[in-house]
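Structure file coords_2.cif; described as mmCIF, C-alpha atoms and all ligand atoms.
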data_data
loop_
_atom_site.label_atom_id
_atom_site.label_comp_id
_atom_site.auth_asym_id
_atom_site.auth_seq_id
_atom_site.Cartn_x
_atom_site.Cartn_y
_atom_site.Cartn_z
CA MET A 1 8.10 -4.22 -8.65
CA LEU A 2 8.17 -6.90 -5.96
CA GLU A 3 11.68 -7.89 -7.04
CA ALA A 4 12.82 -4.26 -6.97
CA ALA A 5 11.33 -3.85 -3.48
CA ARG A 6 12.91 -7.12 -2.37
CA GLN A 7 16.37 -5.96 -3.50
CA ILE A 8 15.99 -2.69 -1.58
CA VAL A 9 14.84 -4.47 1.58
CA ASP A 10 17.49 -7.21 1.37
CA ALA A 11 20.25 -4.61 1.01
CA ALA A 12 19.07 -2.64 4.05
CA GLU A 13 20.76 -2.80 7.44
CA ARG A 14 18.14 -0.79 9.37
CA ILE A 15 14.47 -1.11 8.46
CA THR A 16 11.56 0.71 10.07
CA CYS A 17 7.94 -0.14 9.31
CA PHE A 18 5.42 2.70 9.52
CA SER A 19 1.90 1.26 9.43
CA GLY A 20 -1.73 2.28 9.38
CA ALA A 21 -5.19 0.76 9.45
CA GLY A 22 -4.66 -1.20 6.23
CA LEU A 23 -2.24 -3.48 8.11
CA SER A 24 -5.10 -4.68 10.34
CA ALA A 25 -7.84 -4.60 7.68
CA PRO A 26 -7.21 -8.25 6.66
CA SER A 27 -7.93 -9.14 10.31
CA GLY A 28 -11.41 -7.65 9.93
CA VAL A 29 -10.59 -4.40 11.74
CA GLY A 30 -12.20 -1.38 10.09
CA THR A 31 -10.11 1.30 8.41
CA PHE A 32 -11.01 4.98 8.44
CA ARG A 33 -10.96 6.37 4.89
CA ASP A 34 -11.65 3.34 2.70
CA PRO A 35 -14.60 4.32 0.48
CA VAL A 36 -16.41 1.12 1.50
CA GLY A 37 -16.40 0.31 5.19
CA GLY A 38 -14.15 3.13 6.36
CA TRP A 39 -15.33 4.51 9.69
CA TRP A 40 -15.11 8.11 8.49
CA THR A 41 -17.37 7.39 5.51
CA LYS A 42 -20.26 6.78 7.94
CA HIS A 43 -19.36 8.85 10.99
CA ASP A 44 -18.02 12.31 11.74
CA PRO A 45 -14.55 11.82 13.29
CA MET A 46 -14.95 15.03 15.25
CA ARG A 47 -18.00 13.57 17.03
CA LEU A 48 -16.34 10.24 17.82
CA ALA A 49 -12.61 10.93 18.17
CA SER A 50 -12.19 14.39 19.68
CA PRO A 51 -12.39 16.00 23.13
CA GLN A 52 -15.33 18.09 21.89
CA GLY A 53 -17.21 14.95 20.81
CA PHE A 54 -16.54 13.33 24.18
CA ALA A 55 -17.80 16.43 26.01
CA GLU A 56 -20.94 16.61 23.86
CA ASP A 57 -21.90 12.93 23.96
CA PRO A 58 -19.65 10.68 26.07
CA ASP A 59 -22.10 7.78 25.76
CA LEU A 60 -21.87 7.87 21.94
CA VAL A 61 -18.06 8.00 22.07
CA MET A 62 -17.69 5.18 24.62
CA ASP A 63 -20.26 3.04 22.73
CA TRP A 64 -18.27 3.55 19.51
CA TYR A 65 -15.03 2.58 21.24
CA ALA A 66 -16.76 -0.45 22.78
CA ALA A 67 -17.77 -1.55 19.26
CA ARG A 68 -14.24 -1.05 17.90
CA ARG A 69 -12.71 -2.76 20.94
CA SER A 70 -14.98 -5.80 20.49
CA GLN A 71 -14.04 -5.95 16.79
CA ILE A 72 -10.34 -5.91 17.71
CA GLY A 73 -10.83 -8.30 20.63
CA SER A 74 -12.37 -10.90 18.30
CA ALA A 75 -9.78 -10.34 15.56
CA ASP A 76 -6.60 -12.34 15.05
CA PRO A 77 -3.23 -11.14 13.78
CA ASN A 78 -2.99 -11.70 10.02
CA PRO A 79 0.03 -12.89 7.98
CA ALA A 80 1.26 -9.30 7.66
CA HIS A 81 1.40 -8.89 11.46
CA ARG A 82 3.06 -12.28 11.79
CA ILE A 83 5.84 -11.70 9.26
CA LEU A 84 6.58 -8.33 10.88
CA ALA A 85 6.77 -10.03 14.29
CA ALA A 86 9.12 -12.65 12.82
CA ARG A 87 11.41 -9.92 11.49
CA GLU A 88 12.72 -8.77 14.88
CA ASP A 89 15.23 -6.55 13.02
CA ILE A 90 12.42 -4.28 11.80
CA VAL A 91 11.43 -1.40 14.11
CA GLN A 92 7.67 -1.01 14.41
CA VAL A 93 6.08 2.46 14.31
CA THR A 94 2.32 2.41 13.91
CA GLN A 95 -0.66 4.75 13.79
CA ASN A 96 -2.82 1.81 14.81
CA THR A 97 -4.08 1.66 18.35
CA ASP A 98 -4.90 -2.06 18.17
CA ASP A 99 -2.75 -4.71 19.85
CA LEU A 100 -2.42 -7.04 16.85
CA LEU A 101 1.30 -6.50 16.28
CA LEU A 102 1.92 -7.21 19.98
CA ARG A 103 -0.31 -10.28 19.88
CA ALA A 104 1.57 -11.45 16.77
CA GLY A 105 4.71 -11.39 18.90
CA CYS A 106 6.37 -8.02 18.36
CA ASP A 107 8.42 -7.15 21.46
CA SER A 108 8.02 -3.42 21.01
CA VAL A 109 5.62 -1.24 19.01
CA ILE A 110 5.84 2.55 18.93
CA GLN A 111 2.15 3.57 18.90
CA VAL A 112 2.07 7.25 17.93
CA HIS A 113 -1.75 7.44 18.24
CA GLY A 114 -1.96 5.55 21.53
CA ASP A 115 -3.36 2.27 22.77
CA ILE A 116 -7.04 1.32 22.48
CA ALA A 117 -6.49 -1.51 24.98
CA ALA A 118 -6.20 0.98 27.83
CA ASP A 119 -8.24 3.81 29.37
CA ARG A 120 -6.74 6.92 30.96
CA CYS A 121 -8.02 9.80 33.07
CA HIS A 122 -9.51 12.54 30.89
CA GLY A 123 -8.42 14.94 33.60
CA GLU A 124 -4.81 13.82 33.01
CA CYS A 125 -4.23 12.80 36.64
CA GLY A 126 -1.94 10.09 35.26
CA HIS A 127 -4.20 7.11 35.99
CA ILE A 128 -4.13 4.48 33.22
CA GLU A 129 -5.72 1.02 33.31
CA ARG A 130 -5.73 -1.92 30.90
CA ILE A 131 -9.12 -2.92 29.58
CA ASP A 132 -10.41 -6.28 28.28
CA LEU A 133 -11.01 -5.82 24.54
CA THR A 134 -13.36 -8.81 24.57
CA ASP A 135 -15.48 -7.20 27.31
CA PRO A 136 -15.02 -3.44 26.86
CA PRO A 137 -16.09 -1.21 29.76
CA GLY A 138 -18.53 1.68 29.49
CA ARG A 139 -18.41 5.15 31.05
CA ARG A 140 -16.95 5.33 34.52
CA PRO A 141 -15.22 7.91 36.71
CA CYS A 142 -11.47 7.97 37.21
CA PRO A 143 -10.49 6.89 40.75
CA CYS A 144 -9.19 10.44 41.20
CA GLY A 145 -12.82 11.57 41.19
CA ARG A 146 -12.12 14.64 39.04
CA ALA A 147 -12.88 13.28 35.56
CA GLU A 148 -14.05 10.26 33.57
CA LEU A 149 -11.87 7.57 32.05
CA ARG A 150 -11.49 7.61 28.24
CA PRO A 151 -9.51 5.49 25.72
CA ASP A 152 -5.74 6.00 25.93
CA VAL A 153 -5.61 7.18 22.32
CA VAL A 154 -4.78 10.50 20.63
CA TRP A 155 -7.96 12.29 19.54
CA PHE A 156 -8.11 14.92 16.82
CA GLY A 157 -6.91 18.16 18.39
CA GLU A 158 -4.89 16.41 21.11
CA ALA A 159 -1.10 16.37 21.33
CA LEU A 160 0.86 13.18 20.72
CA ASP A 161 2.86 11.82 23.64
CA PRO A 162 6.21 13.64 23.33
CA ASP A 163 8.30 10.65 24.44
CA VAL A 164 6.55 8.32 21.98
CA TRP A 165 6.90 10.91 19.22
CA GLN A 166 10.61 11.26 19.90
CA GLN A 167 11.00 7.47 19.58
CA ALA A 168 9.06 7.52 16.30
CA GLU A 169 11.19 10.33 14.87
CA ALA A 170 14.38 8.53 15.89
CA ALA A 171 13.19 5.27 14.29
CA CYS A 172 12.34 7.04 11.03
CA SER A 173 15.45 9.25 10.96
CA ASN A 174 17.86 6.36 11.41
CA CYS A 175 16.67 3.77 8.92
CA ASP A 176 17.93 2.81 5.47
CA VAL A 177 14.47 1.71 4.38
CA LEU A 178 11.06 2.85 5.57
CA LEU A 179 8.28 0.39 4.81
CA VAL A 180 5.01 2.34 4.60
CA VAL A 181 2.19 -0.17 5.04
CA GLY A 182 -1.57 0.30 4.89
CA THR A 183 -1.86 4.01 5.43
CA ASP A 184 -3.47 6.84 3.47
CA ALA A 185 -0.58 8.97 4.80
CA SER A 186 -2.95 11.94 5.14
CA VAL A 187 -2.93 12.57 8.91
CA TYR A 188 -0.21 14.77 10.42
CA PRO A 189 2.13 14.90 12.20
CA ALA A 190 2.31 11.09 11.78
CA ALA A 191 2.49 11.20 7.98
CA GLY A 192 5.43 13.61 8.26
CA LEU A 193 7.53 10.65 9.42
CA ILE A 194 7.68 9.51 5.79
CA THR A 195 9.26 12.73 4.52
CA LEU A 196 11.51 12.75 7.61
CA ALA A 197 12.84 9.31 6.66
CA ARG A 198 13.30 10.41 3.06
CA HIS A 199 15.10 13.55 4.20
CA HIS A 200 17.55 11.35 6.10
CA GLY A 201 18.28 9.30 2.99
CA ALA A 202 15.96 6.33 3.51
CA ARG A 203 14.47 4.45 0.57
CA ILE A 204 10.66 4.41 0.77
CA VAL A 205 8.82 1.16 -0.03
CA VAL A 206 5.02 1.52 0.04
CA VAL A 207 2.69 -1.47 0.45
CA ASN A 208 -0.93 -0.35 0.08
CA MET A 209 -4.22 -1.51 -1.41
CA ASN A 210 -4.61 1.79 -3.27
CA PRO A 211 -2.49 4.76 -4.27
CA SER A 212 -2.12 7.08 -1.30
CA GLN A 213 -0.55 10.37 -0.24
CA ALA A 214 2.70 8.41 0.01
CA SER A 215 2.66 7.30 -3.65
CA GLY A 216 4.56 10.36 -4.86
CA ILE A 217 7.47 9.85 -2.43
CA ALA A 218 7.83 6.08 -2.86
CA ASP A 219 10.92 4.54 -4.43
CA VAL A 220 8.79 1.45 -5.02
CA GLU A 221 5.03 1.10 -4.51
CA LEU A 222 3.40 -2.32 -4.25
CA ILE A 223 -0.36 -2.19 -4.73
CA GLY A 224 -2.27 -5.02 -3.05
CA SER A 225 -3.03 -6.49 0.35
CA ALA A 226 -0.37 -6.34 3.03
CA ALA A 227 -1.43 -9.85 4.08
CA GLU A 228 -0.09 -11.16 0.76
CA LEU A 229 2.61 -8.65 -0.13
CA LEU A 230 4.47 -8.39 3.19
CA PRO A 231 5.15 -12.15 3.48
CA ALA A 232 6.33 -12.14 -0.16
CA LEU A 233 8.57 -9.16 0.55
CA LEU A 234 9.97 -10.09 3.96
CA ALA A 235 9.97 -13.90 4.30
N1 LIG B 301 -3.46 -4.02 2.67
C1 LIG B 301 -2.81 -2.83 2.48
N2 LIG B 301 -3.42 -1.63 2.52
C2 LIG B 301 -4.76 -1.63 2.76
C3 LIG B 301 -5.50 -2.81 2.98
C4 LIG B 301 -4.80 -4.04 2.92
N3 LIG B 301 -5.43 -5.22 3.10
N4 LIG B 301 -6.81 -2.46 3.20
C5 LIG B 301 -6.86 -1.12 3.14
N5 LIG B 301 -5.64 -0.61 2.86
C6 LIG B 301 -5.23 0.79 2.71
C7 LIG B 301 -6.31 1.70 2.15
O1 LIG B 301 -6.24 1.70 0.73
C8 LIG B 301 -5.90 3.06 2.74
O2 LIG B 301 -4.99 3.74 1.88
O3 LIG B 301 -4.98 1.27 4.02
C9 LIG B 301 -5.17 2.70 4.03
C10 LIG B 301 -5.98 3.05 5.28
O4 LIG B 301 -6.08 4.45 5.32
P1 LIG B 301 -6.93 5.12 6.51
O5 LIG B 301 -8.23 4.42 6.64
O6 LIG B 301 -6.89 6.61 6.30
O7 LIG B 301 -6.11 4.75 7.83
P2 LIG B 301 -4.78 5.43 8.37
O8 LIG B 301 -3.93 5.95 7.25
O9 LIG B 301 -4.17 4.48 9.32
O10 LIG B 301 -5.36 6.69 9.20
C11 LIG B 301 -4.42 7.45 9.93
O11 LIG B 301 -6.25 8.70 10.88
O12 LIG B 301 -8.39 8.60 11.76
C12 LIG B 301 -7.04 8.74 12.08
O13 LIG B 301 -6.01 8.14 14.10
C13 LIG B 301 -6.60 7.60 12.96
O14 LIG B 301 -4.48 6.41 12.95
C14 LIG B 301 -5.55 6.87 12.13
C15 LIG B 301 -5.07 7.96 11.17
#

As structure tokens:
Amino acid sequence: MLEAARQIVDAAERITCFSGAGLSAPSGVGTFRDPVGGWWTKHDPMRLASPQGFAEDPDLVMDWYAARRSQIGSADPNPAHRILAAREDIVQVTQNTDDLLLRAGCDSVIQVHGDIAADRCHGECGHIERIDLTDPPGRRPCPCGRAELRPDVVWFGEALDPDVWQQAEAACSNCDVLLVVGTDASVYPAAGLITLARHHGARIVVVNMNPSQASGIADVELIGSAAELLPALLA
């Protein structure tokens, strides 16, 4: 299967990589739906990653993001991040909000679910500020005085940034091969990018630790860790 995937990738002129939490798992960053260790196996996503949850208990939400930010801040890019950064020809579209692809050296990453390394005004005044992942801030008001600051990520029930989404659709509509790496492919609209790529004639190569919602649409599926399989596939 690796040889079949390698032939597809080597023949491609335009490659897009669509990634999820499994790409960063080898760096020690928690995934969401893994049966062991996945965040959503222990916590209710609607309490921690939704506007309702933030309204009900902003301390709980900001404490949870502080824990995730510290985990990311103390993590290092893994070999999967590094080989993707070395392949400057591959366009990066990710569901991940961490900065590990950027720290690995990627010039540009299309982050459809936002950026955990920044806070923005919950009142949408437009204020955004970078935060230090190694020393994450707690609750504080936006300088506009009308609302609190919250992570610059897309919560369940919130709209994706239309400009970012347009970039992601373009990247997945115009590729010969879509690498689908480390995602359960169960959250929409992001997961729809896979069928969009397929609809535009792309070959789908999945790299995932387990079968996923993308298994049925894959031309080739490599089961294993991205930290091992991506260097073997792309080096
Ligand atoms: N290498 C490759 N795949 C891995 C690895 C690894 N080392 N470790 C775990 N995986 C796979 C798991 O088998 C799983 O299929 O990564 C996938 C992670 O799935 P999820 O935890 O559901 O994460 P993701 O698909 O990114 O979630 C999508 O859901 O909660 C929201 O906004 C959040 O962006 C996230 C979205």

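From atom CA of A:Arg87 back to atom CA of A:Ala214, the distance works out to 23.3 Å.
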
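If you look at atom O2 of ligand LIG 301 (chain B) and atom CA of A:Thr183, they are 4.7 Å away from each other.
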
Given the choices A:Pro151, A:Gly157, A:Pro211, A:Pro136, which gets closest to ligand LIG 301 (chain B) if the distance is worked out from only C-alpha atoms and all ligand atoms?
A:Pro211

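Remark: for ligand LIG 301 (chain B), the closest of the candidate residues A:Ala159, A:Cys17, A:Leu23, A:Val109 is A:Leu23 (distances computed over only C-alpha atoms and all ligand atoms).
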
Could you give me, as CSV, a per-residue list for chain A showing, wherever an atom lies at most 9 Å from an atom of ligand LIG 301 (chain B), the closest pair of atoms and their distance in Å to one decimal, using all atoms listed in the file and sorting by chain then residue number from low to high?
residue,atom,partner,partner_atom,distance
A:Ser19,CA,B:LIG301,O9,6.9
A:Gly20,CA,B:LIG301,O9,3.3
A:Ala21,CA,B:LIG301,O9,3.9
A:Gly22,CA,B:LIG301,O3,3.3
A:Leu23,CA,B:LIG301,N1,5.6
A:Ser24,CA,B:LIG301,N3,7.3
A:Ala25,CA,B:LIG301,N4,5.1
A:Pro26,CA,B:LIG301,N3,5.0
A:Ser27,CA,B:LIG301,N3,8.6
A:Gly30,CA,B:LIG301,O5,7.8
A:Thr31,CA,B:LIG301,O5,4.0
A:Phe32,CA,B:LIG301,O5,3.4
A:Arg33,CA,B:LIG301,O5,3.8
A:Asp34,CA,B:LIG301,O5,5.3
A:Pro35,CA,B:LIG301,O1,8.8
A:Gly38,CA,B:LIG301,O5,6.1
A:Trp39,CA,B:LIG301,O5,7.7
A:Trp40,CA,B:LIG301,O12,7.5
A:Pro45,CA,B:LIG301,O12,7.1
A:Ala49,CA,B:LIG301,O12,8.0
A:Ala80,CA,B:LIG301,N1,8.7
A:Thr94,CA,B:LIG301,O14,7.9
A:Gln95,CA,B:LIG301,O14,4.2
A:Asn96,CA,B:LIG301,O14,5.2
A:Thr97,CA,B:LIG301,O14,7.2
A:Val112,CA,B:LIG301,O14,8.3
A:His113,CA,B:LIG301,O13,6.0
A:Gly114,CA,B:LIG301,O13,8.8
A:Val153,CA,B:LIG301,O13,8.3
A:Val154,CA,B:LIG301,O13,7.1
A:Trp155,CA,B:LIG301,O13,7.1
A:Phe156,CA,B:LIG301,O13,7.6
A:Val181,CA,B:LIG301,C1,6.2
A:Gly182,CA,B:LIG301,N2,3.6
A:Thr183,CA,B:LIG301,O8,3.4
A:Asp184,CA,B:LIG301,O2,3.8
A:Ala185,CA,B:LIG301,O8,5.1
A:Ser186,CA,B:LIG301,O8,6.4
A:Val187,CA,B:LIG301,C11,5.4
A:Tyr188,CA,B:LIG301,C15,8.4
A:Ala190,CA,B:LIG301,C11,7.9
A:Ala191,CA,B:LIG301,C11,8.1
A:Val207,CA,B:LIG301,C1,6.0
A:Asn208,CA,B:LIG301,N2,3.7
A:Met209,CA,B:LIG301,N2,4.0
A:Asn210,CA,B:LIG301,O1,4.3
A:Pro211,CA,B:LIG301,O2,6.7
A:Ser212,CA,B:LIG301,O2,5.4
A:Gln213,CA,B:LIG301,O2,8.3
A:Ile223,CA,B:LIG301,C1,7.6
A:Gly224,CA,B:LIG301,N1,5.9
A:Ser225,CA,B:LIG301,N1,3.4
A:Ala226,CA,B:LIG301,N1,3.9
A:Ala227,CA,B:LIG301,N3,6.2
A:Glu228,CA,B:LIG301,N1,8.1
A:Leu229,CA,B:LIG301,N1,8.1

For the residues in that selection, give me C-alpha atoms as a JSON list (two decimals), in the frame of the given file.
[["chain", "number", "residue", "atom", "x", "y", "z"],
["A", 19, "SER", "CA", 1.90, 1.26, 9.43],
["A", 20, "GLY", "CA", -1.73, 2.28, 9.38],
["A", 21, "ALA", "CA", -5.19, 0.76, 9.45],
["A", 22, "GLY", "CA", -4.66, -1.20, 6.23],
["A", 23, "LEU", "CA", -2.24, -3.48, 8.11],
["A", 24, "SER", "CA", -5.10, -4.68, 10.34],
["A", 25, "ALA", "CA", -7.84, -4.60, 7.68],
["A", 26, "PRO", "CA", -7.21, -8.25, 6.66],
["A", 27, "SER", "CA", -7.93, -9.14, 10.31],
["A", 30, "GLY", "CA", -12.20, -1.38, 10.09],
["A", 31, "THR", "CA", -10.11, 1.30, 8.41],
["A", 32, "PHE", "CA", -11.01, 4.98, 8.44],
["A", 33, "ARG", "CA", -10.96, 6.37, 4.89],
["A", 34, "ASP", "CA", -11.65, 3.34, 2.70],
["A", 35, "PRO", "CA", -14.60, 4.32, 0.48],
["A", 38, "GLY", "CA", -14.15, 3.13, 6.36],
["A", 39, "TRP", "CA", -15.33, 4.51, 9.69],
["A", 40, "TRP", "CA", -15.11, 8.11, 8.49],
["A", 45, "PRO", "CA", -14.55, 11.82, 13.29],
["A", 49, "ALA", "CA", -12.61, 10.93, 18.17],
["A", 80, "ALA", "CA", 1.26, -9.30, 7.66],
["A", 94, "THR", "CA", 2.32, 2.41, 13.91],
["A", 95, "GLN", "CA", -0.66, 4.75, 13.79],
["A", 96, "ASN", "CA", -2.82, 1.81, 14.81],
["A", 97, "THR", "CA", -4.08, 1.66, 18.35],
["A", 112, "VAL", "CA", 2.07, 7.25, 17.93],
["A", 113, "HIS", "CA", -1.75, 7.44, 18.24],
["A", 114, "GLY", "CA", -1.96, 5.55, 21.53],
["A", 153, "VAL", "CA", -5.61, 7.18, 22.32],
["A", 154, "VAL", "CA", -4.78, 10.50, 20.63],
["A", 155, "TRP", "CA", -7.96, 12.29, 19.54],
["A", 156, "PHE", "CA", -8.11, 14.92, 16.82],
["A", 181, "VAL", "CA", 2.19, -0.17, 5.04],
["A", 182, "GLY", "CA", -1.57, 0.30, 4.89],
["A", 183, "THR", "CA", -1.86, 4.01, 5.43],
["A", 184, "ASP", "CA", -3.47, 6.84, 3.47],
["A", 185, "ALA", "CA", -0.58, 8.97, 4.80],
["A", 186, "SER", "CA", -2.95, 11.94, 5.14],
["A", 187, "VAL", "CA", -2.93, 12.57, 8.91],
["A", 188, "TYR", "CA", -0.21, 14.77, 10.42],
["A", 190, "ALA", "CA", 2.31, 11.09, 11.78],
["A", 191, "ALA", "CA", 2.49, 11.20, 7.98],
["A", 207, "VAL", "CA", 2.69, -1.47, 0.45],
["A", 208, "ASN", "CA", -0.93, -0.35, 0.08],
["A", 209, "MET", "CA", -4.22, -1.51, -1.41],
["A", 210, "ASN", "CA", -4.61, 1.79, -3.27],
["A", 211, "PRO", "CA", -2.49, 4.76, -4.27],
["A", 212, "SER", "CA", -2.12, 7.08, -1.30],
["A", 213, "GLN", "CA", -0.55, 10.37, -0.24],
["A", 223, "ILE", "CA", -0.36, -2.19, -4.73],
["A", 224, "GLY", "CA", -2.27, -5.02, -3.05],
["A", 225, "SER", "CA", -3.03, -6.49, 0.35],
["A", 226, "ALA", "CA", -0.37, -6.34, 3.03],
["A", 227, "ALA", "CA", -1.43, -9.85, 4.08],
["A", 228, "GLU", "CA", -0.09, -11.16, 0.76],
["A", 229, "LEU", "CA", 2.61, -8.65, -0.13]]

Top pick for closest residue to A:Trp165, considering A:Ala202, A:Thr195, A:Glu129, A:Ile110 and counting all atoms listed in the file:
A:Ile110

Can you pull out every residue within 12 Å of A:Ala66, counting only C-alpha atoms, but drop anything in the same chain fewer than 6 positions away, and send it as a PyMOL selection string?
chain A and resi 48+58-60+72-73+116-119+131-139+150-151

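Shortest separation to A:Ala86 among A:Val180, A:Arg69, A:Gly105, A:Val36 occurs at residue A:Gly105, atoms counted being all atoms listed in the file.
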
Which residues come within 10 Å of A:Arg103, counting only C-alpha atoms, excluding same-chain residues fewer than 4 positions away, as a list of chain:residue names?
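Residues meeting the cut-off are A:Asp76, A:Pro77, A:His81, A:Arg82, A:Ala85, A:Asp98, A:Asp99, A:Asp107.
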
Give me, please, the distance in Å between atom CA of A:Val177 and atom CA of A:Leu193, quoted to one decimal.
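Going from atom CA of A:Val177 over to atom CA of A:Leu193 covers 12.4 Å.
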
Looking at A:Arg140, A:Trp64, A:Ala168, A:Ala147, which one is nearest to A:Gln111, with distances taken over all atoms listed in the file?
A:Ala168
